[in-house]
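Okay, coords_29.cif now, which holds mmCIF, C-alpha atoms:
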data_target
loop_
_atom_site.group_PDB
_atom_site.id
_atom_site.type_symbol
_atom_site.label_atom_id
_atom_site.label_comp_id
_atom_site.auth_asym_id
_atom_site.auth_seq_id
_atom_site.Cartn_x
_atom_site.Cartn_y
_atom_site.Cartn_z
ATOM 1 C CA MET A 1 -29.372 36.097 -126.273
ATOM 2 C CA ASN A 2 -25.724 36.951 -126.996
ATOM 3 C CA ASN A 3 -23.145 37.866 -124.394
ATOM 4 C CA SER A 4 -23.206 41.609 -125.116
ATOM 5 C CA THR A 5 -26.971 41.793 -124.611
ATOM 6 C CA TYR A 6 -26.673 39.793 -121.390
ATOM 7 C CA GLU A 7 -23.967 42.146 -120.114
ATOM 8 C CA ASP A 8 -26.112 45.176 -120.939
ATOM 9 C CA TYR A 9 -29.028 43.762 -118.959
ATOM 10 C CA SER A 10 -26.691 42.977 -116.063
ATOM 11 C CA LYS A 11 -25.352 46.535 -116.031
ATOM 12 C CA ILE A 12 -28.880 47.960 -116.077
ATOM 13 C CA GLU A 13 -29.937 45.629 -113.262
ATOM 14 C CA ARG A 14 -26.904 46.571 -111.158
ATOM 15 C CA SER A 15 -27.555 50.248 -111.806
ATOM 16 C CA VAL A 16 -31.202 49.931 -110.760
ATOM 17 C CA SER A 17 -30.206 47.936 -107.686
ATOM 18 C CA LEU A 18 -27.632 50.564 -106.714
ATOM 19 C CA ARG A 19 -30.138 53.377 -107.104
ATOM 20 C CA ARG A 20 -32.662 51.467 -105.027
ATOM 21 C CA ARG A 21 -30.119 50.910 -102.244
ATOM 22 C CA ILE A 22 -29.135 54.587 -102.287
ATOM 23 C CA PHE A 23 -32.784 55.650 -102.169
ATOM 24 C CA ASN A 24 -33.543 53.217 -99.335
ATOM 25 C CA GLY A 25 -30.463 54.401 -97.449
ATOM 26 C CA ILE A 26 -31.520 58.046 -97.720
ATOM 27 C CA THR A 27 -35.079 57.130 -96.701
ATOM 28 C CA TYR A 28 -33.959 55.194 -93.633
ATOM 29 C CA PHE A 29 -31.570 57.983 -92.666
ATOM 30 C CA LEU A 30 -34.311 60.622 -92.840
ATOM 31 C CA LEU A 31 -36.716 58.359 -90.936
ATOM 32 C CA SER A 32 -34.063 57.807 -88.274
ATOM 33 C CA VAL A 33 -33.551 61.561 -87.899
ATOM 34 C CA TRP A 34 -37.289 62.067 -87.656
ATOM 35 C CA ALA A 35 -37.612 59.265 -85.067
ATOM 36 C CA VAL A 36 -34.868 60.800 -82.925
ATOM 37 C CA ALA A 37 -36.520 64.228 -83.141
ATOM 38 C CA VAL A 38 -39.880 62.759 -82.086
ATOM 39 C CA LEU A 39 -38.630 60.434 -79.336
ATOM 40 C CA PHE A 40 -36.043 62.770 -77.795
ATOM 41 C CA PRO A 41 -38.611 64.808 -75.782
ATOM 42 C CA PHE A 42 -39.868 61.554 -74.228
ATOM 43 C CA TYR A 43 -36.316 60.528 -73.368
ATOM 44 C CA TRP A 44 -35.636 63.953 -71.855
ATOM 45 C CA MET A 45 -38.867 63.768 -69.847
ATOM 46 C CA ILE A 46 -37.970 60.369 -68.373
ATOM 47 C CA LEU A 47 -34.352 61.397 -67.791
ATOM 48 C CA THR A 48 -35.387 64.544 -65.915
ATOM 49 C CA SER A 49 -37.876 62.574 -63.827
ATOM 50 C CA VAL A 50 -35.091 60.337 -62.441
ATOM 51 C CA LYS A 51 -32.717 63.212 -61.595
ATOM 52 C CA SER A 52 -32.718 64.504 -58.044
ATOM 53 C CA TYR A 53 -33.893 68.050 -57.390
ATOM 54 C CA GLY A 54 -30.383 69.114 -56.375
ATOM 55 C CA GLU A 55 -28.708 67.470 -59.351
ATOM 56 C CA TYR A 56 -31.096 69.060 -61.816
ATOM 57 C CA ASN A 57 -30.695 72.575 -60.392
ATOM 58 C CA SER A 58 -26.903 72.266 -60.166
ATOM 59 C CA GLU A 59 -26.546 71.597 -63.897
ATOM 60 C CA TYR A 60 -25.469 74.766 -65.667
ATOM 61 C CA ILE A 61 -25.189 72.734 -68.866
ATOM 62 C CA PRO A 62 -27.896 70.050 -69.252
ATOM 63 C CA LYS A 63 -26.556 66.479 -69.227
ATOM 64 C CA PHE A 64 -27.979 63.767 -71.417
ATOM 65 C CA PHE A 65 -27.532 61.059 -68.768
ATOM 66 C CA THR A 66 -27.398 60.650 -65.002
ATOM 67 C CA ALA A 67 -25.122 58.413 -62.961
ATOM 68 C CA THR A 68 -27.414 58.474 -59.915
ATOM 69 C CA PRO A 69 -31.012 57.875 -61.011
ATOM 70 C CA THR A 70 -33.659 58.141 -58.321
ATOM 71 C CA LEU A 71 -37.402 57.573 -57.982
ATOM 72 C CA GLU A 72 -37.881 60.184 -55.275
ATOM 73 C CA ASN A 73 -39.522 62.540 -57.756
ATOM 74 C CA TYR A 74 -42.353 60.039 -58.300
ATOM 75 C CA THR A 75 -42.906 59.899 -54.551
ATOM 76 C CA GLU A 76 -42.784 63.690 -54.440
ATOM 77 C CA ALA A 77 -45.341 63.928 -57.229
ATOM 78 C CA PHE A 78 -47.883 61.918 -55.227
ATOM 79 C CA THR A 79 -47.127 63.378 -51.797
ATOM 80 C CA SER A 80 -46.721 67.078 -52.543
ATOM 81 C CA VAL A 81 -50.213 67.184 -54.065
ATOM 82 C CA PRO A 82 -53.085 64.644 -54.086
ATOM 83 C CA LEU A 83 -52.175 63.478 -57.587
ATOM 84 C CA GLY A 84 -54.096 60.216 -57.131
ATOM 85 C CA ARG A 85 -57.337 62.141 -56.582
ATOM 86 C CA TYR A 86 -56.590 64.361 -59.576
ATOM 87 C CA LEU A 87 -56.080 61.240 -61.685
ATOM 88 C CA LEU A 88 -59.437 59.882 -60.502
ATOM 89 C CA ASN A 89 -61.153 63.185 -61.312
ATOM 90 C CA THR A 90 -59.561 63.168 -64.751
ATOM 91 C CA LEU A 91 -60.656 59.574 -65.336
ATOM 92 C CA ILE A 92 -64.262 60.411 -64.397
ATOM 93 C CA PHE A 93 -64.226 63.534 -66.560
ATOM 94 C CA THR A 94 -62.718 61.662 -69.522
ATOM 95 C CA VAL A 95 -64.949 58.580 -69.401
ATOM 96 C CA VAL A 96 -68.227 60.449 -68.871
ATOM 97 C CA THR A 97 -67.458 63.150 -71.457
ATOM 98 C CA THR A 98 -66.388 60.629 -74.088
ATOM 99 C CA ALA A 99 -69.392 58.365 -73.476
ATOM 100 C CA ILE A 100 -71.911 61.213 -73.753
ATOM 101 C CA MET A 101 -70.177 62.646 -76.815
ATOM 102 C CA MET A 102 -70.199 59.290 -78.627
ATOM 103 C CA VAL A 103 -73.963 59.028 -78.135
ATOM 104 C CA VAL A 104 -74.576 62.635 -79.229
ATOM 105 C CA ILE A 105 -72.416 62.572 -82.369
ATOM 106 C CA THR A 106 -73.690 59.134 -83.448
ATOM 107 C CA LEU A 107 -77.326 60.215 -83.264
ATOM 108 C CA ALA A 108 -76.562 63.582 -84.909
ATOM 109 C CA ALA A 109 -74.536 62.036 -87.730
ATOM 110 C CA TYR A 110 -77.262 59.467 -88.397
ATOM 111 C CA ALA A 111 -79.950 62.167 -88.447
ATOM 112 C CA PHE A 112 -78.011 64.292 -90.941
ATOM 113 C CA ASP A 113 -77.286 61.266 -93.144
ATOM 114 C CA ARG A 114 -80.398 59.077 -93.167
ATOM 115 C CA LEU A 115 -83.346 61.057 -91.854
ATOM 116 C CA GLU A 116 -85.254 63.421 -94.116
ATOM 117 C CA PHE A 117 -86.560 66.683 -92.683
ATOM 118 C CA ARG A 118 -87.145 70.170 -94.036
ATOM 119 C CA GLY A 119 -84.035 72.322 -94.232
ATOM 120 C CA LYS A 120 -81.640 69.462 -93.440
ATOM 121 C CA ASN A 121 -78.882 70.642 -95.784
ATOM 122 C CA LEU A 122 -79.254 74.244 -94.609
ATOM 123 C CA VAL A 123 -79.042 73.190 -90.964
ATOM 124 C CA PHE A 124 -76.007 70.984 -91.663
ATOM 125 C CA THR A 125 -74.265 73.822 -93.515
ATOM 126 C CA ALA A 126 -74.943 76.209 -90.656
ATOM 127 C CA PHE A 127 -73.698 73.536 -88.265
ATOM 128 C CA LEU A 128 -70.436 73.195 -90.191
ATOM 129 C CA SER A 129 -69.976 76.950 -90.167
ATOM 130 C CA LEU A 130 -69.532 76.730 -86.397
ATOM 131 C CA MET A 131 -66.064 75.332 -87.063
ATOM 132 C CA MET A 132 -65.077 78.794 -88.296
ATOM 133 C CA ILE A 133 -65.619 80.299 -84.842
ATOM 134 C CA PRO A 134 -62.322 80.639 -82.904
ATOM 135 C CA ASN A 135 -62.012 78.424 -79.856
ATOM 136 C CA GLU A 136 -61.261 81.442 -77.682
ATOM 137 C CA LEU A 137 -64.726 82.863 -78.354
ATOM 138 C CA VAL A 138 -66.327 79.516 -77.533
ATOM 139 C CA VAL A 139 -64.402 79.315 -74.261
ATOM 140 C CA ILE A 140 -65.571 82.796 -73.265
ATOM 141 C CA THR A 141 -69.243 82.104 -74.010
ATOM 142 C CA ASN A 142 -69.087 78.709 -72.302
ATOM 143 C CA TYR A 143 -67.484 80.251 -69.228
ATOM 144 C CA VAL A 144 -70.185 82.913 -68.982
ATOM 145 C CA THR A 145 -72.935 80.309 -69.412
ATOM 146 C CA VAL A 146 -71.480 77.899 -66.842
ATOM 147 C CA THR A 147 -70.951 80.726 -64.365
ATOM 148 C CA GLU A 148 -74.497 82.035 -64.752
ATOM 149 C CA MET A 149 -75.851 78.512 -64.231
ATOM 150 C CA ASN A 150 -73.782 78.144 -61.018
ATOM 151 C CA MET A 151 -71.924 75.114 -62.369
ATOM 152 C CA ARG A 152 -68.380 76.218 -61.594
ATOM 153 C CA ASN A 153 -66.451 73.709 -59.469
ATOM 154 C CA THR A 154 -68.727 70.873 -60.556
ATOM 155 C CA PHE A 155 -68.241 67.900 -62.859
ATOM 156 C CA MET A 156 -71.291 69.078 -64.779
ATOM 157 C CA GLY A 157 -69.572 72.364 -65.562
ATOM 158 C CA LEU A 158 -66.460 70.510 -66.689
ATOM 159 C CA ILE A 159 -68.296 68.002 -68.860
ATOM 160 C CA LEU A 160 -71.184 69.790 -70.590
ATOM 161 C CA PRO A 161 -69.183 72.109 -72.920
ATOM 162 C CA SER A 162 -67.293 69.100 -74.310
ATOM 163 C CA VAL A 163 -70.103 66.646 -75.072
ATOM 164 C CA THR A 164 -70.283 67.397 -78.777
ATOM 165 C CA SER A 165 -67.977 68.159 -81.693
ATOM 166 C CA VAL A 166 -68.893 69.538 -85.089
ATOM 167 C CA PHE A 167 -65.853 67.944 -86.728
ATOM 168 C CA TYR A 168 -66.552 64.482 -85.327
ATOM 169 C CA ILE A 169 -70.203 64.697 -86.425
ATOM 170 C CA TYR A 170 -69.061 65.639 -89.923
ATOM 171 C CA LEU A 171 -66.484 62.841 -90.014
ATOM 172 C CA LEU A 172 -68.961 60.219 -88.843
ATOM 173 C CA ARG A 173 -71.687 61.486 -91.139
ATOM 174 C CA GLU A 174 -69.342 61.072 -94.124
ATOM 175 C CA ASN A 175 -68.686 57.480 -93.052
ATOM 176 C CA PHE A 176 -72.385 56.778 -92.634
ATOM 177 C CA ALA A 177 -73.025 58.252 -96.096
ATOM 178 C CA GLN A 178 -70.819 55.575 -97.693
ATOM 179 C CA VAL A 179 -72.949 52.730 -96.345
ATOM 180 C CA PRO A 180 -75.176 51.568 -99.259
ATOM 181 C CA ASN A 181 -78.714 52.923 -99.149
ATOM 182 C CA THR A 182 -80.019 49.498 -100.213
ATOM 183 C CA LEU A 183 -79.308 48.211 -96.705
ATOM 184 C CA TYR A 184 -81.428 50.982 -95.241
ATOM 185 C CA TYR A 185 -84.329 50.407 -97.626
ATOM 186 C CA ALA A 186 -84.224 46.648 -97.038
ATOM 187 C CA ALA A 187 -84.272 47.207 -93.273
ATOM 188 C CA LYS A 188 -87.247 49.563 -93.544
ATOM 189 C CA VAL A 189 -89.128 47.009 -95.656
ATOM 190 C CA ASP A 190 -88.557 44.475 -92.874
ATOM 191 C CA GLY A 191 -90.043 46.937 -90.392
ATOM 192 C CA THR A 192 -86.754 47.773 -88.654
ATOM 193 C CA SER A 193 -86.785 51.030 -86.734
ATOM 194 C CA ASP A 194 -84.158 53.695 -87.336
ATOM 195 C CA LEU A 195 -82.610 53.171 -83.911
ATOM 196 C CA LYS A 196 -82.334 49.425 -84.395
ATOM 197 C CA TYR A 197 -80.868 49.910 -87.887
ATOM 198 C CA LEU A 198 -78.336 52.380 -86.463
ATOM 199 C CA LEU A 199 -77.224 50.027 -83.690
ATOM 200 C CA ARG A 200 -77.227 46.790 -85.699
ATOM 201 C CA VAL A 201 -75.982 47.953 -89.093
ATOM 202 C CA MET A 202 -74.374 51.391 -89.122
ATOM 203 C CA VAL A 203 -72.436 51.174 -85.869
ATOM 204 C CA PRO A 204 -70.847 47.752 -86.598
ATOM 205 C CA ILE A 205 -69.851 48.805 -90.120
ATOM 206 C CA CYS A 206 -68.320 52.093 -88.951
ATOM 207 C CA ARG A 207 -66.813 50.690 -85.731
ATOM 208 C CA PRO A 208 -63.165 51.544 -86.676
ATOM 209 C CA THR A 209 -64.071 55.200 -87.152
ATOM 210 C CA LEU A 210 -66.067 55.267 -83.919
ATOM 211 C CA ILE A 211 -63.139 53.750 -82.010
ATOM 212 C CA THR A 212 -60.756 56.282 -83.536
ATOM 213 C CA ILE A 213 -63.038 59.186 -82.597
ATOM 214 C CA GLY A 214 -63.416 57.812 -79.079
ATOM 215 C CA ILE A 215 -59.654 57.517 -78.583
ATOM 216 C CA LEU A 216 -59.041 61.002 -79.948
ATOM 217 C CA LYS A 217 -61.662 62.355 -77.545
ATOM 218 C CA VAL A 218 -60.066 60.507 -74.616
ATOM 219 C CA ILE A 219 -56.709 62.066 -75.455
ATOM 220 C CA GLU A 220 -58.330 65.487 -75.780
ATOM 221 C CA CYS A 221 -60.048 65.209 -72.395
ATOM 222 C CA TRP A 222 -57.010 63.732 -70.660
ATOM 223 C CA ASN A 223 -54.826 66.614 -71.879
ATOM 224 C CA SER A 224 -57.438 69.321 -71.273
ATOM 225 C CA TYR A 225 -55.879 72.327 -69.574
ATOM 226 C CA VAL A 226 -57.503 75.694 -70.334
ATOM 227 C CA TRP A 227 -61.116 74.833 -69.530
ATOM 228 C CA PRO A 228 -60.426 73.010 -66.205
ATOM 229 C CA ARG A 229 -58.215 75.897 -65.107
ATOM 230 C CA LEU A 230 -61.024 78.361 -65.809
ATOM 231 C CA VAL A 231 -63.992 76.664 -64.150
ATOM 232 C CA THR A 232 -62.345 74.973 -61.155
ATOM 233 C CA ASP A 233 -60.629 76.559 -58.172
ATOM 234 C CA ASP A 234 -61.747 73.891 -55.702
ATOM 235 C CA PRO A 235 -59.082 71.159 -55.216
ATOM 236 C CA ASP A 236 -61.836 68.540 -55.015
ATOM 237 C CA TYR A 237 -62.444 69.032 -58.744
ATOM 238 C CA TYR A 238 -58.890 69.568 -59.974
ATOM 239 C CA LEU A 239 -57.709 67.543 -62.933
ATOM 240 C CA VAL A 240 -54.144 66.396 -63.573
ATOM 241 C CA SER A 241 -53.442 69.628 -65.457
ATOM 242 C CA ASN A 242 -54.011 71.520 -62.218
ATOM 243 C CA GLY A 243 -51.895 69.011 -60.337
ATOM 244 C CA ILE A 244 -48.907 69.428 -62.630
ATOM 245 C CA GLN A 245 -49.001 73.178 -62.147
ATOM 246 C CA GLU A 246 -49.111 72.746 -58.358
ATOM 247 C CA ILE A 247 -46.154 70.355 -58.395
ATOM 248 C CA ARG A 248 -44.167 72.804 -60.497
ATOM 249 C CA GLU A 249 -44.714 75.539 -57.936
ATOM 250 C CA ASN A 250 -43.647 73.388 -54.979
ATOM 251 C CA GLY A 251 -39.907 73.867 -55.480
ATOM 252 C CA PHE A 252 -37.783 75.315 -52.694
ATOM 253 C CA GLY A 253 -37.464 78.761 -54.181
ATOM 254 C CA ARG A 254 -37.264 77.318 -57.691
ATOM 255 C CA GLU A 255 -39.595 75.357 -59.912
ATOM 256 C CA ASN A 256 -39.621 71.639 -59.091
ATOM 257 C CA ILE A 257 -39.209 70.481 -62.681
ATOM 258 C CA PRO A 258 -38.058 66.884 -61.894
ATOM 259 C CA ALA A 259 -41.167 66.162 -59.811
ATOM 260 C CA MET A 260 -43.325 67.749 -62.487
ATOM 261 C CA MET A 261 -41.720 65.546 -65.138
ATOM 262 C CA ALA A 262 -42.349 62.498 -62.960
ATOM 263 C CA ALA A 263 -46.028 63.439 -62.816
ATOM 264 C CA VAL A 264 -46.087 63.896 -66.600
ATOM 265 C CA VAL A 265 -44.604 60.407 -67.045
ATOM 266 C CA VAL A 266 -47.297 58.914 -64.805
ATOM 267 C CA ILE A 267 -50.016 60.795 -66.667
ATOM 268 C CA SER A 268 -48.660 59.804 -70.092
ATOM 269 C CA VAL A 269 -48.549 56.051 -69.407
ATOM 270 C CA PRO A 270 -52.350 55.453 -69.766
ATOM 271 C CA LEU A 271 -52.436 57.255 -73.122
ATOM 272 C CA ILE A 272 -49.438 55.303 -74.415
ATOM 273 C CA LEU A 273 -51.016 52.007 -73.353
ATOM 274 C CA LEU A 274 -54.308 53.044 -74.942
ATOM 275 C CA PHE A 275 -52.578 53.724 -78.236
ATOM 276 C CA LEU A 276 -50.621 50.448 -78.151
ATOM 277 C CA ILE A 277 -53.790 48.448 -77.478
ATOM 278 C CA PHE A 278 -55.908 50.103 -80.175
ATOM 279 C CA ARG A 279 -53.229 51.092 -82.695
ATOM 280 C CA LYS A 280 -54.572 48.752 -85.398
ATOM 281 C CA LYS A 281 -58.099 50.095 -84.994
ATOM 282 C CA ILE A 282 -56.789 53.661 -85.100
ATOM 283 C CA MET A 283 -54.888 53.031 -88.339
ATOM 284 C CA GLU A 284 -57.897 51.266 -89.830
ATOM 285 C CA GLY A 285 -60.247 54.061 -88.842
ATOM 286 C CA VAL A 286 -57.981 56.775 -90.251
ATOM 287 C CA SER A 287 -57.125 55.015 -93.518
ATOM 288 C CA ARG A 288 -60.574 53.675 -94.253
ATOM 289 C CA GLY A 289 -63.306 55.839 -95.653
ATOM 290 C CA GLY A 290 -66.469 53.768 -95.414
ATOM 291 C CA THR A 291 -67.315 50.190 -96.268
ATOM 292 C CA LYS A 292 -65.259 47.720 -98.238
ATOM 293 C CA GLY A 293 -66.991 46.490 -101.280
#
Target format structure tokens, applied to this file:
Amino acid sequence: MNNSTYEDYSKIERSVSLRRRIFNGITYFLLSVWAVAVLFPFYWMILTSVKSYGEYNSEYIPKFFTATPTLENYTEAFTSVPLGRYLLNTLIFTVVTTAIMMVVITLAAYAFDRLEFRGKNLVFTAFLSLMMIPNELVVITNYVTVTEMNMRNTFMGLILPSVTSVFYIYLLRENFAQVPNTLYYAAKVDGTSDLKYLLRVMVPICRPTLITIGILKVIECWNSYVWPRLVTDDPDYYLVSNGIQEIRENGFGRENIPAMMAAVVVISVPLILLFLIFRKKIMEGVSRGGTKG
């Protein structure tokens, strides 16, 4: 290779390297802007929670820092309302609802995937069509049903309307469908029942998706607002959504936003920890569409 050819290759390599650095620089810049936009609300929430009530209300122009942070808002959040009891109610509601839903959707998804019965495809199509119904209509019908059954201000009234999900059944059924049928036929030849095959084969293979669905349901229940506000007016059954609203209204002539933000921080911590613990399973469940190989 002569010198001119070597110089040409060097110029091309430097040009490619420069373009790659420019592209990476633009990418990192855009990602940094996106990260700031996403994380800023969390920073503002924490910052507001450590500002005193007087300092917050005296700011005509919001400040992005405070020289006198305080934890009095966290004390106010737990003393102005029984936030601890609301957290316990929310935990019970979330755990029980998620557990029942996981059983219901697993059995339903398995039935639609592996069991053969007349009109299965028609029933599944009609089932999927329920996703086209607006949530507002579902809330209205559920409220009327719960009221007529005298289940307002009960955990049963809170839990029952949320124990199933058409979308989660569809998602899990699609994962079950990608498990080879040969495993099912081999299990049936060995005399394995459908329930045992579901628990010993299907569930372990699709565990990442099940974990992802469970975490999404926990987040949904933990953040539930509209339904608990409709069916509960007894403080013994209030969830944290009710508690936040009460804290907000406990200001001295004005909304007590700092105490409310402190309560939001406390409520957000379990969800953040849950995500950090199961983040790998969540990513695996979202990115994976069935079995490997």
Problem - Best match for closeness to Asn223 in chain A among A:Phe93, A:Phe127, A:Phe78, A:Phe42, counting all atoms listed in the file - result: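 Of A:Phe93, A:Phe127, A:Phe78, A:Phe42, the one nearest Asn223 in chain A, counting all atoms listed in the file, is A:Phe93.
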Handout entry: Picked residues, the PyMOL selection byres ((chain A and resi 63-73) around 10), expected as a VMD selection string
Key = chain A and resid 43 to 44 47 to 53 55 to 56 59 to 62 74 to 80 256 to 263
Practice task
List the neighbours of Phe275 in chain A out to 12 Å using all atoms listed in the file; skip same-chain residues closer than 3 positions along the sequence, and give me the result as number ranges by chain.
Solution key: A: 211-212, 214-216, 218-219, 268-272, 278-283
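Between CA of Asp194 in chain A and CA of Leu107 in chain A lies a distance of 10.3 Å.
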Practice task
I would like the residues chosen by the PyMOL selection byres ((chain A and resi 157-164) around 8) on the shown file; could you give them as a ChimeraX atom specification?
Solution key: /A:93,96-98,100-101,104-105,142,146,151-156,165-166,227-228,231
Atoms kept (C-alpha atoms) for selection, written as a PDB file, in the coordinates of the input:
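See selection-v9.pdb below for the written result:
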ATOM      1  CA  PHE A  93     -64.226  63.534 -66.560  1.00  0.00           C
ATOM      2  CA  VAL A  96     -68.227  60.449 -68.871  1.00  0.00           C
ATOM      3  CA  THR A  97     -67.458  63.150 -71.457  1.00  0.00           C
ATOM      4  CA  THR A  98     -66.388  60.629 -74.088  1.00  0.00           C
ATOM      5  CA  ILE A 100     -71.911  61.213 -73.753  1.00  0.00           C
ATOM      6  CA  MET A 101     -70.177  62.646 -76.815  1.00  0.00           C
ATOM      7  CA  VAL A 104     -74.576  62.635 -79.229  1.00  0.00           C
ATOM      8  CA  ILE A 105     -72.416  62.572 -82.369  1.00  0.00           C
ATOM      9  CA  ASN A 142     -69.087  78.709 -72.302  1.00  0.00           C
ATOM     10  CA  VAL A 146     -71.480  77.899 -66.842  1.00  0.00           C
ATOM     11  CA  MET A 151     -71.924  75.114 -62.369  1.00  0.00           C
ATOM     12  CA  ARG A 152     -68.380  76.218 -61.594  1.00  0.00           C
ATOM     13  CA  ASN A 153     -66.451  73.709 -59.469  1.00  0.00           C
ATOM     14  CA  THR A 154     -68.727  70.873 -60.556  1.00  0.00           C
ATOM     15  CA  PHE A 155     -68.241  67.900 -62.859  1.00  0.00           C
ATOM     16  CA  MET A 156     -71.291  69.078 -64.779  1.00  0.00           C
ATOM     17  CA  SER A 165     -67.977  68.159 -81.693  1.00  0.00           C
ATOM     18  CA  VAL A 166     -68.893  69.538 -85.089  1.00  0.00           C
ATOM     19  CA  TRP A 227     -61.116  74.833 -69.530  1.00  0.00           C
ATOM     20  CA  PRO A 228     -60.426  73.010 -66.205  1.00  0.00           C
ATOM     21  CA  VAL A 231     -63.992  76.664 -64.150  1.00  0.00           C
TER      22      VAL A 231
END
Exercise for the section: Could you please determine the separation between CA of Asn150 in chain A and CA of Asp234 in chain A in Å, to one decimal place? Expected result: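 Rounded to one decimal, the two atoms are 13.8 Å apart.
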Using the block above, I'd like range 74-129 of chain A written out, keeping C-alpha atoms and formatting it as an mmCIF file, in the first residue's frame.
data_model
loop_
_atom_site.group_PDB
_atom_site.id
_atom_site.type_symbol
_atom_site.label_atom_id
_atom_site.label_comp_id
_atom_site.auth_asym_id
_atom_site.auth_seq_id
_atom_site.Cartn_x
_atom_site.Cartn_y
_atom_site.Cartn_z
ATOM 1 C CA TYR A 74 -43.511 15.209 56.899
ATOM 2 C CA THR A 75 -44.656 15.442 60.507
ATOM 3 C CA GLU A 76 -47.642 17.493 59.376
ATOM 4 C CA ALA A 77 -48.519 14.904 56.749
ATOM 5 C CA PHE A 78 -48.816 12.166 59.380
ATOM 6 C CA THR A 79 -50.440 14.241 62.122
ATOM 7 C CA SER A 80 -52.980 16.308 60.200
ATOM 8 C CA VAL A 81 -54.586 13.129 58.845
ATOM 9 C CA PRO A 82 -54.123 9.431 59.748
ATOM 10 C CA LEU A 83 -51.805 8.884 56.788
ATOM 11 C CA GLY A 84 -50.369 5.713 58.344
ATOM 12 C CA ARG A 85 -53.815 4.091 58.346
ATOM 13 C CA TYR A 86 -54.415 5.231 54.771
ATOM 14 C CA LEU A 87 -51.109 3.641 53.774
ATOM 15 C CA LEU A 88 -52.163 0.384 55.447
ATOM 16 C CA ASN A 89 -55.530 0.461 53.666
ATOM 17 C CA THR A 90 -53.769 1.081 50.367
ATOM 18 C CA LEU A 91 -51.352 -1.781 51.020
ATOM 19 C CA ILE A 92 -54.230 -4.181 51.757
ATOM 20 C CA PHE A 93 -56.150 -3.007 48.697
ATOM 21 C CA THR A 94 -53.078 -3.302 46.455
ATOM 22 C CA VAL A 95 -51.870 -6.709 47.646
ATOM 23 C CA VAL A 96 -55.287 -8.395 47.651
ATOM 24 C CA THR A 97 -56.363 -6.908 44.302
ATOM 25 C CA THR A 98 -53.097 -7.832 42.600
ATOM 26 C CA ALA A 99 -53.089 -11.371 44.015
ATOM 27 C CA ILE A 100 -56.667 -12.088 42.913
ATOM 28 C CA MET A 101 -56.082 -10.536 39.494
ATOM 29 C CA MET A 102 -52.956 -12.630 38.873
ATOM 30 C CA VAL A 103 -54.929 -15.812 39.551
ATOM 31 C CA VAL A 104 -57.863 -14.716 37.365
ATOM 32 C CA ILE A 105 -55.832 -13.583 34.346
ATOM 33 C CA THR A 106 -53.511 -16.616 34.486
ATOM 34 C CA LEU A 107 -56.407 -19.072 34.432
ATOM 35 C CA ALA A 108 -58.257 -17.059 31.756
ATOM 36 C CA ALA A 109 -55.198 -16.726 29.524
ATOM 37 C CA TYR A 110 -54.469 -20.448 29.821
ATOM 38 C CA ALA A 111 -58.079 -21.337 28.987
ATOM 39 C CA PHE A 112 -58.079 -19.145 25.874
ATOM 40 C CA ASP A 113 -54.708 -20.526 24.751
ATOM 41 C CA ARG A 114 -54.656 -24.247 25.546
ATOM 42 C CA LEU A 115 -58.182 -25.439 26.243
ATOM 43 C CA GLU A 116 -60.534 -26.298 23.401
ATOM 44 C CA PHE A 117 -64.215 -25.440 23.739
ATOM 45 C CA ARG A 118 -66.972 -24.435 21.347
ATOM 46 C CA GLY A 119 -66.938 -20.780 20.357
ATOM 47 C CA LYS A 120 -63.549 -20.066 21.955
ATOM 48 C CA ASN A 121 -62.387 -17.639 19.262
ATOM 49 C CA LEU A 122 -65.762 -15.880 19.215
ATOM 50 C CA VAL A 123 -65.734 -15.492 22.995
ATOM 51 C CA PHE A 124 -62.137 -14.217 22.948
ATOM 52 C CA THR A 125 -62.977 -11.697 20.217
ATOM 53 C CA ALA A 126 -65.980 -10.466 22.166
ATOM 54 C CA PHE A 127 -63.777 -10.293 25.252
ATOM 55 C CA LEU A 128 -61.231 -8.130 23.433
ATOM 56 C CA SER A 129 -63.981 -5.833 22.219
#
